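K.L.:
One structure, pasted below without further comment.
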Amino acid sequence: MVVVIDPQIAGISGDMLLCSLVDLGANKVKILNGIKLSEKFLPNSIIKQIDFRKIEKHGIEATALFLEIDENVHERKGIEIKKAITDSTKEIGLSNRAKIFAESCIDTLISSESKIHGISVDSVHFHEASSIDTLIDIVGIAIAIDDLGMFDEEIICMPIAVGGGNVTFSHGTMSNPASAILEILKNSRLSIHGGQVKDELTTPTGASILVNLSKTSMDYYPSMQITSIGYGAGKKDFAEFSNVLKIVKGTQKNNFQLDSVKILETNVDDVSGEIMGNLIEKIMNNGAKDVSIYHGITKKGRPTNLISVICDDASIHEIMDILVIETGTLGIRVTTSNRFIVPRTTHDVKLILDGKEFVVKYKVSSFKGKNNFKIEFDDLKSIANTLNKSIKEAESLIRKEIMQLGVDYD
C-alpha cells in the first residue's frame with residue numbers, strides 16, 4: 001500500500017491532518033475516547049466539547065474538528081506538554097511505534113524553538129502551542145495512524161504550501177514562513193513552496209508531525225490504484241481554494257520503493273585522469289551513492305568530462321566542497337530527482353572459507369516474489385586477495401556458502 005499526503009494547495013495543520021485521517025476511515029470513537037483520557041494530563045485545560053463532523057469547504061465535503069475548550073493558560077514549558085503526551089500514549093495503550101512517533105513529533109517542535117532562541121530544550125516555553133490543542137493533534141493522529149496501520153505503509157508527501165505575507169504571534173511580526181517552520185523542515189527531505197495567499201498555511205505543529213511521518217517528497221503522484229480518500233478541513237476560509245488537506249491511499253502498480261536524491265553535475269576540461277580517479281574514491285568515501293564521468297564535446301569543439309554525482313541531502317554540501325577543491329570547477333548544477341528502487345535489505349554473515357573466518361556483507365533484493373543477493377564488492381575483493389583467488393572464484397565460493405546456509409535469503 002502507499003499513502004499520499006497532499007498539502008500542495010492548502011498546506012497542513014495538526015487538526016487538518018487528524019480530520020483527514022478520520023475522513024479516510026480511522027476509528028472516530030477510539031480517537032475521541034483516547035483524547036478524553038489524555039485530558040487529565042494537562043491541568044487547567046478542560047475539553048467541554050469535541051467531535052468530528054462533515055462540513056462543506058468551498059465546494060468540497062470534508063471532515064472538520066469541532067472543539068470547545070476551557071483553559072486560562074498563556075504559556076507552558078515544552079517538557080510539560082511532552083510529559084503529558086508521553087503519559088497519554090501509555091494510558092491509552094498505543095503500540096510502541098505510535099508512542100515513539102508521538103514523542104518524536106513534540107521533540108521536533110521543542111527542538112525547533114530551542115535552536116531558534118538559542119536556549120536549552122528544558123527552557124523552551126510554548127505560547128501558541130501551549131494549548132491542549134497540541135496534545136489533541138499529536139495524540140489523536142498517533143491513535144489514527146495506529147488504527148489505520150499506516151506505520152507500515154509507504155508515505156509520500158507532495159510539496160508543502162506555506163503561504164506568504166507576514167505572520168504575527170507572541171514574538172512579533174515576521175515574514176511567512178516563520179522561523180519555526182523553516183527550522184522544522186530544514187533537514188527533512190520534504191519540499192515547500194509559497195504562493196499568492198498572504199497567510200500562514202502550514203503550522204509548526206502540522207510541520208512537526210509531517211516530518212516524522214514522511215521522508216519522501218514527490219512532485220507528482222506515484223502509479224497507484226486508489227482505494228480511499230480523506231479530506232480534512234482547516235479552520236480558515238479562502239476565496240481562491242478549498243482549505244482542505246487531502247490524503248489518498250491505494251495500492252502501487254509496481255513493487256518499487258520510492259526515494260528522492262540530489263544529482264550534482266559539473267563540466268571540467270583541464271583535469272587529468274589521475275585526479276579523476278582520486279576524485280571518485282574521495283566522493284564515494286564522503287557519502288555519495290554513485291559517481292559517473294562522461295566524455296563529451298562542448299562549445300568551440302572543446303573536449304570535456306561531465307562529472308555526475310548521486311547523493312542525499314546529508315552529504316551534498318561536503319561533496320560540493322570536494323568537487324570545487326579537487327577540480328577547480330566554477331559551478332555545480334544541482335537537481336532533485338525522484339526514483340523508483342527495488343526493495344532491498346543489507347545483511348552480514350560469518351563464513352569459514354579455506355580455514356579462515358570472514359564477515360561478508362551482502363544485499364538481498366526482492367521483486368515480484370523473486371529474491372536475489374549481491375555480495376559487497378569491497379568484501380569480495382578483500383577475500384579474493386586473502387585467499388589468492390580471482391574475483392569470480394571468490395564470488396562463486398561465497399555465494400555457494402550463503403545459499404547453503406540459507407541466511408536471510410529465502
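Following the order of the C-alpha cells, first chain is A, next is B, and so on, with residues numbered from 1 inside each chain and ligands from 1 in the order they appear.
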Mind the document's chain letters and residue numbers, and return as a PyMOL selection string the residues of region 88-246 of chain A that DSSP labels alpha helix (DSSP H).
P.N.:
chain A and resi 88-92+96-117+132-148+179-185+204-213
K.L.:
Any idea what's packed within 12 Å of region 328-333 of chain A, counting only C-alpha atoms, ignoring anything in its chain fewer than 3 positions away? Could you give it as a list in words?
P.N.:
Lys262, Ile263, Leu264, Glu265, Thr266, Asn267, Val268, Asp269, Asp270, Val271, Ile275, Leu279, Asn305, Leu306, Ile307, Ser308, Val309, Ile310, Ile316, His317, Ile319, Met320, Asp321, Ile322, Leu323, Val324, Ile325 and Thr336 of chain A
K.L.:
Counting only C-alpha atoms, what is within 12 Å of Gly277 (chain A), bar same-chain residues fewer than 6 positions away, as a VMD selection string?
P.N.:
chain A and resid 271 283 to 284 291 to 293 307 326 to 327
K.L.:
Generate a file of the selected residues that holds C-alpha atoms, formatted as a PDB file, in the first residue's frame.
P.N.:
ATOM      1  CA  VAL A 271      41.670  17.697 -15.106  1.00  0.00           C
ATOM      2  CA  ILE A 283      33.485  11.407  -3.177  1.00  0.00           C
ATOM      3  CA  MET A 284      32.332   7.839  -2.535  1.00  0.00           C
ATOM      4  CA  VAL A 291      29.674   8.814  -9.344  1.00  0.00           C
ATOM      5  CA  SER A 292      29.858   8.771 -13.140  1.00  0.00           C
ATOM      6  CA  ILE A 293      32.199  10.562 -15.552  1.00  0.00           C
ATOM      7  CA  ILE A 307      31.075  14.584 -13.599  1.00  0.00           C
ATOM      8  CA  GLU A 326      39.700  18.838  -6.322  1.00  0.00           C
ATOM      9  CA  THR A 327      38.746  20.001  -9.829  1.00  0.00           C
TER      10      THR A 327
END
K.L.:
Can you check which parts of region 168-187 of chain A lie within 8 Å of region 194-213 of chain A? Per residue, the shortest pair of atoms and distance in Å to one decimal, counting only C-alpha atoms, sorted by chain and number, as CSV.
P.N.:
residue,atom,partner,partner_atom,distance
A:Asn176,CA,A:Glu200,CA,6.6
A:Pro177,CA,A:Glu200,CA,7.0
A:Ala180,CA,A:Pro204,CA,6.1
A:Ile181,CA,A:Pro204,CA,5.4
A:Ile184,CA,A:Ser208,CA,6.3
A:Leu185,CA,A:Val211,CA,7.0
K.L.:
Generate a file of the selected residues that holds N, CA and C atoms, formatted as a tab-separated table (two decimals), in the first residue's frame.
P.N.:
chain	number	residue	atom	x	y	z
A	176	ASN	N	6.41	35.28	6.40
A	176	ASN	CA	5.94	33.90	6.37
A	176	ASN	C	6.64	33.16	5.21
A	177	PRO	N	7.18	31.95	5.42
A	177	PRO	CA	7.06	31.11	6.61
A	177	PRO	C	7.94	31.59	7.76
A	180	ALA	N	10.08	28.97	12.85
A	180	ALA	CA	9.81	27.62	13.34
A	180	ALA	C	9.56	26.65	12.18
A	181	ILE	N	8.78	27.09	11.19
A	181	ILE	CA	8.50	26.24	10.03
A	181	ILE	C	9.80	25.91	9.29
A	184	ILE	N	11.99	23.46	11.36
A	184	ILE	CA	11.42	22.11	11.40
A	184	ILE	C	11.69	21.37	10.08
A	185	LEU	N	11.54	22.08	8.98
A	185	LEU	CA	11.66	21.44	7.66
A	185	LEU	C	13.09	21.45	7.12
K.L.:
Enumerate as number ranges by chain all residues of region 123-371 of chain A assigned to strand (DSSP E) by DSSP on the backbone, naming them with the chain letters and numbers the document uses.
P.N.:
A: 125-126, 154-157, 160-161, 166-169, 172-175, 192-193, 216-217, 224-233, 244-252, 257-268, 290-297, 303-311, 333-341, 344-353, 356-367, 370-371
K.L.:
Extract, using only C-alpha atoms, all DNA, RNA and protein residues at most 8 Å from Ala98 (chain A), discarding same-chain residues fewer than 3 positions from it, and format them as number ranges by chain.
P.N.:
A: 89, 94-95, 101-102, 142-143, 145-146
K.L.:
May I ask which of the residues A:Glu91, A:Glu39, A:Glu281, A:Asp354 is the closest one to Leu387 (chain A), counting only C-alpha atoms?
P.N.:
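The closest residue to Leu387 (chain A) is A:Asp354.
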K.L.:
What lies within 9 Å of Gly234 (chain A) using only C-alpha atoms, ignoring chain neighbours under 5 positions off, as a count of residues only?
P.N.:
13
